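my_file-v8.cif follows (mmCIF, C-alpha atoms):
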```
data_coords
loop_
_atom_site.label_atom_id
_atom_site.label_comp_id
_atom_site.auth_asym_id
_atom_site.auth_seq_id
_atom_site.Cartn_x
_atom_site.Cartn_y
_atom_site.Cartn_z
CA MET A 24 122.28 105.16 51.52
CA ALA A 25 123.15 104.82 47.80
CA LEU A 26 125.50 101.96 48.67
CA PHE A 27 122.64 99.92 50.09
CA LEU A 28 120.28 100.71 47.22
CA SER A 29 122.73 99.56 44.58
CA ALA A 30 121.46 95.96 44.66
CA GLN A 31 118.07 97.03 43.34
CA VAL A 32 119.20 99.11 40.33
CA GLY A 33 117.17 98.08 37.31
CA SER A 34 114.96 95.71 39.30
CA ALA A 35 112.18 98.26 39.68
CA ASP A 36 111.86 98.50 35.92
CA ALA A 37 112.30 94.84 35.14
CA GLN A 38 109.05 93.19 34.17
CA SER A 39 108.12 89.86 35.64
CA SER A 40 108.69 86.84 33.45
CA ALA A 41 106.15 86.14 30.75
CA HIS A 42 104.77 83.13 32.64
CA PRO A 43 105.45 83.52 36.35
CA SER A 44 104.69 80.51 38.52
CA PHE A 45 102.65 79.90 41.64
CA VAL A 46 104.31 78.82 44.85
CA THR A 47 103.15 75.34 45.89
CA THR A 48 103.80 73.01 48.81
CA LYS A 49 105.27 69.53 48.82
CA GLU A 50 106.54 67.29 51.62
CA GLY A 51 106.66 70.03 54.22
CA GLY A 52 108.25 72.72 52.06
CA PHE A 53 107.48 75.35 49.44
CA LEU A 54 108.28 74.91 45.75
CA LEU A 55 108.64 77.46 42.96
CA ASP A 56 109.34 76.25 39.42
CA GLY A 57 110.13 72.83 40.84
CA LYS A 58 112.81 74.14 43.19
CA PRO A 59 112.72 74.72 46.95
CA PHE A 60 111.43 78.19 47.85
CA ARG A 61 112.06 79.56 51.31
CA VAL A 62 110.50 82.77 52.52
CA ALA A 63 112.76 85.68 53.42
CA GLY A 64 110.25 88.44 53.86
CA VAL A 65 109.21 91.78 55.28
CA ASN A 66 105.99 93.13 56.73
CA ASN A 67 104.72 96.60 55.98
CA HIS A 68 101.37 97.88 57.21
CA TYR A 69 100.75 100.93 54.98
CA LEU A 70 101.18 99.50 51.48
CA THR A 71 97.43 99.68 50.75
CA PHE A 72 97.06 103.34 51.69
CA GLY A 73 100.49 104.94 51.29
CA SER A 74 101.27 107.17 48.32
CA PRO A 75 102.69 105.56 45.16
CA GLY A 76 106.15 106.79 46.13
CA GLU A 77 105.86 105.41 49.64
CA VAL A 78 104.76 102.05 48.27
CA THR A 79 107.55 101.74 45.71
CA ARG A 80 110.21 102.83 48.19
CA VAL A 81 109.21 99.95 50.48
CA LEU A 82 109.26 97.48 47.60
CA ASP A 83 112.64 98.78 46.44
CA ASP A 84 114.05 98.47 49.94
CA ALA A 85 112.67 94.93 50.18
CA THR A 86 114.50 94.12 46.97
CA ALA A 87 117.67 95.72 48.32
CA MET A 88 117.38 93.48 51.37
CA SER A 89 117.13 90.45 49.03
CA ALA A 90 113.66 89.67 50.39
CA ASN A 91 111.38 87.59 48.19
CA VAL A 92 108.05 88.08 50.01
CA VAL A 93 106.19 91.15 51.27
CA ARG A 94 103.21 90.88 53.61
CA THR A 95 100.45 93.43 54.24
CA PHE A 96 96.71 93.68 55.04
CA LEU A 97 93.72 94.82 52.98
CA GLN A 98 92.78 97.94 54.95
CA PRO A 99 91.27 100.38 56.03
CA VAL A 100 87.62 99.54 56.85
CA ILE A 101 85.21 102.33 57.82
CA GLY A 102 81.63 102.89 58.95
CA SER A 103 79.14 104.49 56.57
CA LEU A 104 80.16 107.33 54.29
CA ASP A 105 77.44 109.57 55.72
CA GLY A 106 78.57 108.96 59.31
CA GLN A 107 75.28 107.37 60.28
CA VAL A 108 77.22 104.23 61.21
CA PRO A 109 80.32 105.48 63.04
CA THR A 110 83.90 104.75 62.13
CA ILE A 111 85.46 103.47 65.35
CA TRP A 112 89.05 104.57 64.67
CA ASN A 113 90.66 107.91 63.80
CA SER A 114 90.28 107.86 60.03
CA LYS A 115 90.76 111.64 59.92
CA SER A 116 94.31 111.51 61.30
CA THR A 117 96.80 113.78 59.54
CA ALA A 118 99.77 111.66 60.63
CA ASP A 119 102.12 110.17 58.06
CA SER A 120 101.20 106.87 56.42
CA SER A 121 103.27 104.75 58.76
CA ASN A 122 101.46 106.28 61.73
CA LEU A 123 98.05 105.54 60.18
CA GLY A 124 97.28 108.71 58.30
CA THR A 125 95.15 106.98 55.66
CA LYS A 126 94.20 110.05 53.59
CA GLY A 127 90.59 109.01 53.02
CA ILE A 128 91.46 105.62 51.55
CA TYR A 129 89.24 102.67 52.52
CA MET A 130 88.60 99.17 51.19
CA MET A 131 85.04 98.66 52.38
CA SER A 132 82.27 100.54 54.16
CA TRP A 133 78.70 100.07 55.37
CA ASP A 134 75.67 101.19 53.38
CA PRO A 135 72.84 102.06 55.86
CA ILE A 136 70.27 102.16 53.05
CA THR A 137 70.80 98.62 51.79
CA ASN A 138 72.22 97.39 55.13
CA LYS A 139 75.14 95.78 53.33
CA MET A 140 78.90 95.86 53.18
CA VAL A 141 80.10 97.80 50.13
CA PRO A 142 83.58 97.21 48.64
CA ASN A 143 85.37 100.28 47.32
CA ASP A 144 86.64 99.57 43.81
CA GLY A 145 87.82 103.11 43.16
CA PRO A 146 91.19 104.89 43.14
CA ASP A 147 90.82 105.46 46.89
CA GLY A 148 90.10 101.77 47.41
CA LEU A 149 91.05 98.54 45.71
CA GLN A 150 92.91 100.30 42.91
CA LYS A 151 95.57 100.90 45.56
CA VAL A 152 95.90 97.13 45.87
CA ASP A 153 96.02 96.82 42.07
CA TYR A 154 99.03 99.15 42.11
CA LEU A 155 100.77 97.22 44.88
CA ILE A 156 100.36 93.91 43.07
CA ALA A 157 101.55 95.34 39.76
CA GLU A 158 104.63 96.96 41.31
CA ALA A 159 105.50 93.82 43.29
CA ALA A 160 105.32 91.79 40.08
CA LYS A 161 107.79 94.14 38.38
CA ARG A 162 110.30 93.38 41.13
CA LYS A 163 109.51 89.63 41.15
CA LEU A 164 108.35 89.90 44.74
CA LYS A 165 105.63 87.60 46.07
CA LEU A 166 102.87 88.92 48.34
CA ILE A 167 101.09 87.57 51.39
CA LEU A 168 97.82 89.48 51.69
CA ALA A 169 95.56 89.31 54.74
CA PHE A 170 91.91 89.74 53.78
CA VAL A 171 91.34 91.85 56.89
CA ASP A 172 93.17 92.95 60.02
CA PHE A 173 91.54 91.49 63.12
CA TRP A 174 92.47 94.60 65.14
CA ALA A 175 90.90 98.05 65.07
CA TYR A 176 93.92 100.21 64.15
CA THR A 177 92.36 100.95 60.75
CA GLY A 178 88.98 99.39 61.43
CA GLY A 179 89.47 95.78 60.46
CA ALA A 180 87.23 93.04 61.84
CA GLN A 181 86.38 95.26 64.79
CA GLN A 182 84.81 97.83 62.45
CA MET A 183 82.85 95.03 60.78
CA ASN A 184 81.54 94.11 64.26
CA ALA A 185 80.63 97.75 64.87
CA TRP A 186 78.45 97.79 61.74
CA TYR A 187 76.08 95.70 63.86
CA GLY A 188 76.61 97.63 67.07
CA SER A 189 78.93 95.11 68.67
CA SER A 190 82.10 95.91 70.62
CA ASP A 191 82.76 92.25 71.45
CA LYS A 192 86.37 91.95 70.35
CA TYR A 193 86.97 88.20 70.36
CA THR A 194 83.77 86.26 69.64
CA PHE A 195 81.20 88.26 67.63
CA PHE A 196 83.12 88.40 64.32
CA ALA A 197 83.34 84.62 63.95
CA ALA A 198 80.08 83.75 65.72
CA ASP A 199 77.55 86.10 64.16
CA PRO A 200 76.12 84.88 60.83
CA ARG A 201 76.03 88.43 59.47
CA THR A 202 79.74 89.08 59.92
CA ARG A 203 80.52 85.64 58.52
CA ARG A 204 78.37 86.52 55.50
CA ASP A 205 80.12 89.90 55.10
CA TYR A 206 83.55 88.32 55.37
CA LYS A 207 82.73 85.75 52.68
CA ALA A 208 81.26 88.44 50.43
CA TRP A 209 84.48 90.44 50.82
CA VAL A 210 86.63 87.39 50.05
CA ARG A 211 84.55 86.60 46.98
CA HIS A 212 84.77 90.21 45.77
CA VAL A 213 88.53 90.38 46.23
CA LEU A 214 89.32 87.05 44.61
CA SER A 215 87.11 87.76 41.59
CA ARG A 216 88.56 91.24 41.07
CA VAL A 217 90.45 91.89 37.83
CA ASN A 218 93.47 94.15 38.34
CA THR A 219 92.90 97.40 36.45
CA ILE A 220 96.64 97.66 35.68
CA THR A 221 97.65 94.11 34.79
CA GLY A 222 94.32 92.71 33.62
CA VAL A 223 94.87 89.62 35.79
CA ARG A 224 92.19 88.29 38.10
CA TYR A 225 93.42 88.28 41.69
CA SER A 226 92.75 84.54 42.10
CA ASP A 227 94.83 83.87 38.98
CA ASP A 228 97.81 86.04 39.89
CA PRO A 229 100.99 84.16 40.88
CA THR A 230 102.36 87.36 42.43
CA ILE A 231 100.06 86.54 45.34
CA PHE A 232 101.96 83.83 47.18
CA ALA A 233 99.31 83.32 49.86
CA TRP A 234 96.21 84.66 51.55
CA ASP A 235 96.02 85.14 55.31
CA LEU A 236 92.43 84.67 56.44
CA ALA A 237 93.11 87.64 58.71
CA ASN A 238 95.98 89.26 60.50
CA GLU A 239 95.99 87.58 63.92
CA PRO A 240 92.41 86.30 64.11
CA ASP A 241 92.39 86.04 67.91
CA ILE A 242 88.98 84.39 68.05
CA HIS A 243 87.69 82.89 71.29
CA PRO A 244 86.77 80.25 72.31
CA LYS A 245 89.13 77.86 70.53
CA PRO A 246 86.40 75.63 69.04
CA LEU A 247 84.89 78.71 67.39
CA LEU A 248 88.29 79.64 65.94
CA HIS A 249 88.70 76.13 64.56
CA ASP A 250 85.23 76.19 63.03
CA TRP A 251 85.75 79.63 61.47
CA VAL A 252 89.18 78.78 60.07
CA SER A 253 87.90 75.48 58.67
CA GLU A 254 84.98 77.11 56.88
CA MET A 255 86.80 80.18 55.61
CA SER A 256 89.98 78.46 54.46
CA ALA A 257 87.91 75.94 52.50
CA TYR A 258 85.92 78.80 51.01
CA VAL A 259 89.06 80.64 49.90
CA LYS A 260 90.53 77.44 48.42
CA SER A 261 87.31 76.88 46.46
CA LEU A 262 87.66 80.32 44.83
CA ALA A 263 91.45 80.47 44.51
CA PRO A 264 92.73 76.91 44.13
CA LYS A 265 96.04 78.00 42.59
CA GLN A 266 97.08 80.10 45.58
CA LEU A 267 98.09 79.09 49.09
CA VAL A 268 95.92 79.77 52.12
CA THR A 269 96.96 80.17 55.73
CA THR A 270 95.45 81.65 58.86
CA GLY A 271 97.68 84.61 59.76
CA HIS A 272 97.25 83.52 63.37
CA GLY A 273 99.84 84.51 65.98
CA ASN A 274 99.84 80.96 67.41
CA MET A 275 102.27 81.84 70.21
CA GLU A 276 100.20 79.87 72.72
CA GLN A 277 98.22 77.47 70.52
CA LYS A 278 101.31 75.92 68.97
CA LEU A 279 100.09 75.58 65.39
CA ALA A 280 96.91 73.64 66.16
CA ASP A 281 95.30 75.14 63.05
CA MET A 282 97.87 73.49 60.74
CA ASN A 283 95.93 70.23 60.97
CA ILE A 284 92.98 71.75 59.09
CA PRO A 285 93.16 70.24 55.56
CA SER A 286 92.44 73.51 53.72
CA VAL A 287 95.25 75.36 55.56
CA ASP A 288 98.33 74.97 53.36
CA PHE A 289 100.96 76.12 55.85
CA GLY A 290 101.32 77.39 59.37
CA THR A 291 102.06 80.85 60.72
CA TRP A 292 103.16 82.19 64.07
CA HIS A 293 104.15 85.60 65.42
CA GLY A 294 106.74 86.20 68.12
CA TYR A 295 107.83 89.25 70.09
CA PRO A 296 109.97 88.04 73.00
CA SER A 297 110.11 91.44 74.68
CA TYR A 298 106.30 91.45 75.00
CA VAL A 299 106.21 88.14 76.86
CA LYS A 300 109.48 88.53 78.78
CA MET A 301 111.13 85.68 76.89
CA SER A 302 114.90 85.54 76.53
CA HIS A 303 116.52 85.42 73.11
CA SER A 304 117.70 81.85 73.75
CA ASP A 305 114.23 80.75 74.85
CA PHE A 306 112.76 82.23 71.69
CA ASP A 307 115.37 80.35 69.65
CA ALA A 308 114.19 77.17 71.37
CA ARG A 309 110.59 78.05 70.46
CA ILE A 310 111.63 78.37 66.81
CA ARG A 311 113.13 74.88 66.92
CA GLU A 312 110.01 73.54 68.60
CA TYR A 313 107.69 75.01 65.96
CA CYS A 314 109.86 73.79 63.11
CA ALA A 315 109.65 70.29 64.61
CA ILE A 316 105.86 70.50 64.94
CA ALA A 317 105.58 71.51 61.29
CA ARG A 318 107.83 68.64 60.19
CA ASN A 319 105.64 66.18 62.07
CA ILE A 320 102.50 67.59 60.44
CA GLY A 321 104.14 67.62 57.01
CA LYS A 322 103.42 71.23 56.12
CA PRO A 323 105.66 74.32 55.98
CA VAL A 324 105.58 76.92 58.75
CA ILE A 325 106.82 80.50 58.65
CA LEU A 326 107.62 82.90 61.47
CA GLU A 327 105.31 85.46 59.91
CA GLU A 328 105.96 88.32 62.33
CA PHE A 329 108.81 88.88 64.77
CA GLY A 330 110.79 91.77 66.11
CA ILE A 331 113.32 93.00 68.63
CA PRO A 332 113.35 96.69 69.62
CA ARG A 333 116.31 98.77 68.54
CA SER A 334 116.83 99.60 72.21
CA ASP A 335 118.06 96.02 72.68
CA ALA A 336 121.83 96.14 72.18
CA ASP A 337 121.80 92.49 71.06
CA GLN A 338 119.20 93.03 68.31
CA ALA A 339 121.39 92.16 65.33
CA ASN A 340 122.96 89.12 67.00
CA ALA A 341 119.56 87.76 67.95
CA TYR A 342 118.27 88.18 64.39
CA GLU A 343 121.34 86.40 63.06
CA THR A 344 120.90 83.51 65.51
CA TRP A 345 117.16 83.05 65.01
CA LEU A 346 117.29 83.23 61.23
CA ASN A 347 120.18 80.81 61.10
CA THR A 348 118.08 78.42 63.18
CA ILE A 349 115.25 78.73 60.65
CA ALA A 350 117.69 78.18 57.77
CA THR A 351 119.14 75.03 59.32
CA SER A 352 115.88 73.56 60.67
CA ASP A 353 114.02 73.11 57.37
CA CYS A 354 111.45 75.72 58.33
CA GLY A 355 109.54 77.53 55.60
CA GLY A 356 111.05 80.93 56.36
CA TRP A 357 110.47 84.25 58.08
CA VAL A 358 108.85 87.67 57.60
CA VAL A 359 110.29 90.41 59.82
CA TRP A 360 108.15 93.12 61.45
CA ARG A 361 108.61 95.58 59.90
CA LEU A 362 110.34 97.31 56.99
CA THR A 363 109.51 101.01 56.67
CA SER A 364 110.98 103.45 54.18
CA THR A 365 111.05 107.23 53.87
CA GLN A 366 107.67 108.91 53.85
CA ASP A 367 106.79 111.62 51.33
CA SER A 368 108.25 114.09 53.83
CA GLY A 369 111.66 112.62 53.04
CA LEU A 370 111.98 111.32 56.61
CA TYR A 371 111.70 107.88 58.12
CA PRO A 372 108.52 107.51 60.19
CA GLU A 373 108.63 107.95 63.93
CA ASP A 374 108.80 104.65 65.75
CA ASP A 375 109.10 105.58 69.40
CA TYR A 376 106.58 103.06 70.74
CA ASP A 377 107.85 99.57 69.87
CA LYS A 378 111.07 100.47 68.00
CA PHE A 379 110.76 97.48 65.66
CA ASP A 380 111.14 99.40 62.38
CA ILE A 381 113.89 98.23 60.03
CA HIS A 382 115.37 100.70 57.54
CA ASN A 383 117.65 100.39 54.52
CA ASP A 384 120.34 102.29 56.42
CA GLY A 385 123.25 99.87 56.68
CA SER A 386 122.62 99.33 60.39
CA PRO A 387 123.74 96.05 62.02
CA ALA A 388 120.11 94.83 62.04
CA TRP A 389 119.72 95.62 58.33
CA GLN A 390 122.94 93.82 57.50
CA ALA A 391 121.95 90.78 59.58
CA LEU A 392 118.57 90.51 57.83
CA ARG A 393 120.05 90.98 54.37
CA ALA A 394 122.72 88.34 55.01
CA ALA A 395 120.05 85.93 56.27
CA ALA A 396 117.87 86.54 53.21
CA LEU A 397 120.79 85.88 50.87
CA LYS A 398 121.71 82.70 52.75
CA LEU A 399 118.20 81.30 52.80
CA ASN A 400 117.88 81.22 49.02
CA ASP A 401 121.45 80.65 47.84
#
```
Could you quickly redo this structure as C-alpha cells?
Amino acid sequence: MALFLSAQVGSADAQSSAHPSFVTTKEGGFLLDGKPFRVAGVNNHYLTFGSPGEVTRVLDDATAMSANVVRTFLQPVIGSLDGQVPTIWNSKSTADSSNLGTKGIYMMSWDPITNKMVPNDGPDGLQKVDYLIAEAAKRKLKLILAFVDFWAYTGGAQQMNAWYGSSDKYTFFAADPRTRRDYKAWVRHVLSRVNTITGVRYSDDPTIFAWDLANEPDIHPKPLLHDWVSEMSAYVKSLAPKQLVTTGHGNMEQKLADMNIPSVDFGTWHGYPSYVKMSHSDFDARIREYCAIARNIGKPVILEEFGIPRSDADQANAYETWLNTIATSDCGGWVVWRLTSTQDSGLYPEDDYDKFDIHNDGSPAWQALRAAALKLND
C-alpha cells in the first residue's frame, strides 16, 4: 500500500494557500483562479461522524487518487435527547463508521420543550464538520456538502418528518410549512457558523465548492419538487453568494429539469446501471445525453454518484470508458461512489451488500479512477 500512498506525502501537512479562491461557473463550465476546473471526486458517507483518523485517512486516499473534490452529507439527525420524540433509525449501532456506527454524534435534534429543531454545535456535532473542512483545506481539496440526507439511514429528512409524527417519505418534508421552516433554520445556522478551528465563516470558506440542497431529494409530485428547489436554492444563494448551489438530485429519470432554475448553479445526476438493469454501453450513452443537455442549458453538470459492483468483471474498463466520455464531452466532472479507507480497527469496512467501495489498494478500479482524475485536470 505504501506505493499508492506515496503521491500524498507532505500534502497532509501542507497548508492551503494564503488566499484560496472560490470555484465559479462560466459558459457551461467551472473556473478556479481563472482556469477551467473539472471535478474528479469521491463520495464518502461517514466523514461527519468518523474518528479523526478515519476522516484523515479518507482525505489522504482522495489525495493519493488525485481527486480534487470530496462529497459528504451533514448527518446524523436524531429525535429528542430524552427519547420522548423517537429516533427512527438505529443510532445505538456498534458497527464501524462505514456501516453507520455513529458513536453518539448528531448534527441536530428535536427539543420537546420548545418544540423546535436544535443544532448541535458541540464536539459531538458541528465541530466534526469544522475538523473535516479544516483538514480538507490542508490538502487543497474542495468539498460538496449536502445540508441533509433525504433518506433515513442516519435520520436525515425522514427524521425531520418524524419530529411531527409523519412517515410520509416523499411529500411531507417539502410540503409541510414546519419542515420547510426547520430546513431553512438549519441552512441559516450552518452557513452563519464560524469554524472553531480556522475562524472562517462557512459561507465565506472557499474550501466549500458547493452545497447540495439535500442528498437525493426525491420529492413528489414534481411541481412540489420544483417549488421546493426554487425556494431553497434562492435562500442558500442569498446567504452564501460566493459558493455554488446545486440540488443533489439523482435525476436519472427527470433528465436535469431542475437545471433551468436560475438559483441552481449546476446540475447533478446519480447513476447505478446495475440497479436499473442498464448495460455499460447504454449508461455511456446516458452520459453523452446528459452532457448535451447541460451544454444546451449553458451550465455545468456532474455525475455526482455512480458505481459498478466489484463482482462485475468489467468494472475497471467501464470506469475508464465512462470517465473518458466525461473528459471528452465537456462535462463538469464526476464523483465516484464511494471511497472508503481503513477503519480504526485497521481493516477496510465490510461492503457485502452493493460492493461499490473503492480502496487505495492498487486494484484495477483504483488505477482506472486515478488515471481518469489525472487526465481530467492535466
Inset, instruction - I need the residue set behind the PyMOL selection byres ((chain A and resi 74-85) around 10) for this file; please write it as a PyMOL selection string. - result: chain A and resi 27-28+30-32+34-35+63-67+69-73+86-93+120-121+125-126+151+154-155+158-159+161-162+164+362-369+382-384+393
Export, as a PDB file, in the frame of the given file, the selected residues with C-alpha atoms.
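Result file is selection_15.pdb:
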```pdb
ATOM      1  CA  PHE A  27     122.640  99.920  50.090  1.00  0.00           C
ATOM      2  CA  LEU A  28     120.280 100.710  47.220  1.00  0.00           C
ATOM      3  CA  ALA A  30     121.460  95.960  44.660  1.00  0.00           C
ATOM      4  CA  GLN A  31     118.070  97.030  43.340  1.00  0.00           C
ATOM      5  CA  VAL A  32     119.200  99.110  40.330  1.00  0.00           C
ATOM      6  CA  SER A  34     114.960  95.710  39.300  1.00  0.00           C
ATOM      7  CA  ALA A  35     112.180  98.260  39.680  1.00  0.00           C
ATOM      8  CA  ALA A  63     112.760  85.680  53.420  1.00  0.00           C
ATOM      9  CA  GLY A  64     110.250  88.440  53.860  1.00  0.00           C
ATOM     10  CA  VAL A  65     109.210  91.780  55.280  1.00  0.00           C
ATOM     11  CA  ASN A  66     105.990  93.130  56.730  1.00  0.00           C
ATOM     12  CA  ASN A  67     104.720  96.600  55.980  1.00  0.00           C
ATOM     13  CA  TYR A  69     100.750 100.930  54.980  1.00  0.00           C
ATOM     14  CA  LEU A  70     101.180  99.500  51.480  1.00  0.00           C
ATOM     15  CA  THR A  71      97.430  99.680  50.750  1.00  0.00           C
ATOM     16  CA  PHE A  72      97.060 103.340  51.690  1.00  0.00           C
ATOM     17  CA  GLY A  73     100.490 104.940  51.290  1.00  0.00           C
ATOM     18  CA  THR A  86     114.500  94.120  46.970  1.00  0.00           C
ATOM     19  CA  ALA A  87     117.670  95.720  48.320  1.00  0.00           C
ATOM     20  CA  MET A  88     117.380  93.480  51.370  1.00  0.00           C
ATOM     21  CA  SER A  89     117.130  90.450  49.030  1.00  0.00           C
ATOM     22  CA  ALA A  90     113.660  89.670  50.390  1.00  0.00           C
ATOM     23  CA  ASN A  91     111.380  87.590  48.190  1.00  0.00           C
ATOM     24  CA  VAL A  92     108.050  88.080  50.010  1.00  0.00           C
ATOM     25  CA  VAL A  93     106.190  91.150  51.270  1.00  0.00           C
ATOM     26  CA  SER A 120     101.200 106.870  56.420  1.00  0.00           C
ATOM     27  CA  SER A 121     103.270 104.750  58.760  1.00  0.00           C
ATOM     28  CA  THR A 125      95.150 106.980  55.660  1.00  0.00           C
ATOM     29  CA  LYS A 126      94.200 110.050  53.590  1.00  0.00           C
ATOM     30  CA  LYS A 151      95.570 100.900  45.560  1.00  0.00           C
ATOM     31  CA  TYR A 154      99.030  99.150  42.110  1.00  0.00           C
ATOM     32  CA  LEU A 155     100.770  97.220  44.880  1.00  0.00           C
ATOM     33  CA  GLU A 158     104.630  96.960  41.310  1.00  0.00           C
ATOM     34  CA  ALA A 159     105.500  93.820  43.290  1.00  0.00           C
ATOM     35  CA  LYS A 161     107.790  94.140  38.380  1.00  0.00           C
ATOM     36  CA  ARG A 162     110.300  93.380  41.130  1.00  0.00           C
ATOM     37  CA  LEU A 164     108.350  89.900  44.740  1.00  0.00           C
ATOM     38  CA  LEU A 362     110.340  97.310  56.990  1.00  0.00           C
ATOM     39  CA  THR A 363     109.510 101.010  56.670  1.00  0.00           C
ATOM     40  CA  SER A 364     110.980 103.450  54.180  1.00  0.00           C
ATOM     41  CA  THR A 365     111.050 107.230  53.870  1.00  0.00           C
ATOM     42  CA  GLN A 366     107.670 108.910  53.850  1.00  0.00           C
ATOM     43  CA  ASP A 367     106.790 111.620  51.330  1.00  0.00           C
ATOM     44  CA  SER A 368     108.250 114.090  53.830  1.00  0.00           C
ATOM     45  CA  GLY A 369     111.660 112.620  53.040  1.00  0.00           C
ATOM     46  CA  HIS A 382     115.370 100.700  57.540  1.00  0.00           C
ATOM     47  CA  ASN A 383     117.650 100.390  54.520  1.00  0.00           C
ATOM     48  CA  ASP A 384     120.340 102.290  56.420  1.00  0.00           C
ATOM     49  CA  ARG A 393     120.050  90.980  54.370  1.00  0.00           C
TER      50      ARG A 393
END
```
Inset, instruction - Translate the PyMOL selection byres ((chain A and resi 253) around 9), as applied to the file shown, into an explicit residue set as a VMD selection string. - result: chain A and resid 248 to 252 254 to 258 281 284 to 287
Hits from the PyMOL selection byres ((chain A and resi 144) around 10), listed as an mmCIF file with C-alpha atoms, in the coordinates of the input:
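Writing done, so here's expr.cif:
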```
data_model
loop_
_atom_site.group_PDB
_atom_site.id
_atom_site.type_symbol
_atom_site.label_atom_id
_atom_site.label_comp_id
_atom_site.auth_asym_id
_atom_site.auth_seq_id
_atom_site.Cartn_x
_atom_site.Cartn_y
_atom_site.Cartn_z
ATOM 1 C CA TYR A 129 89.240 102.670 52.520
ATOM 2 C CA MET A 130 88.600 99.170 51.190
ATOM 3 C CA MET A 131 85.040 98.660 52.380
ATOM 4 C CA VAL A 141 80.100 97.800 50.130
ATOM 5 C CA PRO A 142 83.580 97.210 48.640
ATOM 6 C CA ASN A 143 85.370 100.280 47.320
ATOM 7 C CA GLY A 145 87.820 103.110 43.160
ATOM 8 C CA PRO A 146 91.190 104.890 43.140
ATOM 9 C CA ASP A 147 90.820 105.460 46.890
ATOM 10 C CA GLY A 148 90.100 101.770 47.410
ATOM 11 C CA LEU A 149 91.050 98.540 45.710
ATOM 12 C CA GLN A 150 92.910 100.300 42.910
ATOM 13 C CA LYS A 151 95.570 100.900 45.560
ATOM 14 C CA VAL A 152 95.900 97.130 45.870
ATOM 15 C CA ASP A 153 96.020 96.820 42.070
ATOM 16 C CA HIS A 212 84.770 90.210 45.770
ATOM 17 C CA VAL A 213 88.530 90.380 46.230
ATOM 18 C CA ARG A 216 88.560 91.240 41.070
ATOM 19 C CA THR A 219 92.900 97.400 36.450
#
```
Inset, instruction - Can you work out which one of A:Lys163, A:Ile156, A:Ser190, A:His303 has the shortest atom-to-atom distance to Val217 of chain A, counting only C-alpha atoms? - result: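 Ranked by minimum distance to Val217 of chain A, first place goes to A:Ile156.
The gap separating atom CA of Gly271 of chain A from atom CA of Met301 of chain A is 21.8 Å, in Å to one decimal.
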Legend entry - Top pick for closest residue to Ser103 of chain A, considering A:Ser386, A:Thr194, A:Asn138, A:Thr269 and counting all atoms listed in the file: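 Distance minimum relative to Ser103 of chain A lands on A:Asn138.
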Inset, instruction - Do a neighbour search on Tyr342 of chain A at 9 Å with all atoms listed in the file, toss out local chain neighbours closer than 6 positions, and write the hits as an MDAnalysis selection string. - result: chainID A and resid 330:331 388 391:392 395
Go ahead and write the residues just picked, C-alpha atoms, as a PDB file, in the coordinates of the input.
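Dumped to selection-v5.pdb:
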```
ATOM      1  CA  GLY A 330     110.790  91.770  66.110  1.00  0.00           C
ATOM      2  CA  ILE A 331     113.320  93.000  68.630  1.00  0.00           C
ATOM      3  CA  ALA A 388     120.110  94.830  62.040  1.00  0.00           C
ATOM      4  CA  ALA A 391     121.950  90.780  59.580  1.00  0.00           C
ATOM      5  CA  LEU A 392     118.570  90.510  57.830  1.00  0.00           C
ATOM      6  CA  ALA A 395     120.050  85.930  56.270  1.00  0.00           C
TER       7      ALA A 395
END
```
How big is the axis-aligned box, and where does its centre sit, when it encloses all atoms of segment 143-146 of chain A listed in the file and has 3 Å added on every side, reported in Å to one decimal as JSON?
```
{"center_x": 88.3, "center_y": 102.2, "center_z": 45.2, "size_x": 11.8, "size_y": 11.3, "size_z": 10.2}
```
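Distances from A:Arg204, A:Lys165, A:Arg311, A:Lys245 to Ile231 of chain A were compared using only C-alpha atoms, and the smallest one belongs to A:Lys165.
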Inset, instruction - Could you check which of A:Ile128, A:Ile316, A:Ala308, A:Leu370 is closest to Gly178 of chain A, using only C-alpha atoms? - result: A:Ile128
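One finds atom CA of Val259 of chain A at 8.4 Å from atom CA of Trp234 of chain A.
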Inset, instruction - Using all atoms listed in the file, pick whichever of A:Phe289, A:Tyr371, A:Phe196, A:Tyr187 has the shortest atom-to-atom distance to Phe232 of chain A. - result: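 The answer is A:Phe289, which sits nearest to Phe232 of chain A.
One finds atom CA of Gly127 of chain A at 25.3 Å from atom CA of Pro240 of chain A.
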Inset, instruction - Identify which of the residues A:Ala175, A:Ile325, A:Val223, A:Val100 lies closest to Ser352 of chain A, counting all atoms listed in the file when measuring atom-to-atom distances. - result: A:Ile325
Inset, instruction - Please identify all polymer residues within 9 Å of Lys398 of chain A, counting only C-alpha atoms, omitting same-chain residues fewer than 4 positions from it, and present them as a list of chain:residue names. - result: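 Answer for this query is A:Asn347, A:Ala350, A:Arg393, A:Ala394.
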Legend entry - Close residues, Lys278 of chain A itself excluded, 8 Å, all atoms listed in the file, min 3 positions apart in chain, as a count of residues only: 3
Could you list, as a PDB file with C-alpha atoms, in the frame of the given file, every residue within 10 Å of Asp134 of chain A, counting only C-alpha atoms and ignoring same-chain residues fewer than 5 positions away?
```pdb
ATOM      1  CA  GLY A 102      81.630 102.890  58.950  1.00  0.00           C
ATOM      2  CA  SER A 103      79.140 104.490  56.570  1.00  0.00           C
ATOM      3  CA  LEU A 104      80.160 107.330  54.290  1.00  0.00           C
ATOM      4  CA  ASP A 105      77.440 109.570  55.720  1.00  0.00           C
ATOM      5  CA  GLN A 107      75.280 107.370  60.280  1.00  0.00           C
ATOM      6  CA  VAL A 108      77.220 104.230  61.210  1.00  0.00           C
ATOM      7  CA  LYS A 139      75.140  95.780  53.330  1.00  0.00           C
ATOM      8  CA  MET A 140      78.900  95.860  53.180  1.00  0.00           C
ATOM      9  CA  VAL A 141      80.100  97.800  50.130  1.00  0.00           C
ATOM     10  CA  TRP A 186      78.450  97.790  61.740  1.00  0.00           C
TER      11      TRP A 186
END
```
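Residues with at least one atom no more than 9 Å from (90.0, 88.0, 50.5), using all atoms listed in the file, are Leu97, Leu168, Ala169, Phe170, Val171, Tyr206, Lys207, Ala208, Trp209, Val210, Arg211, His212, Val213, Leu214, Trp234, Asp235, Leu236, Ala237 and Val259 of chain A.
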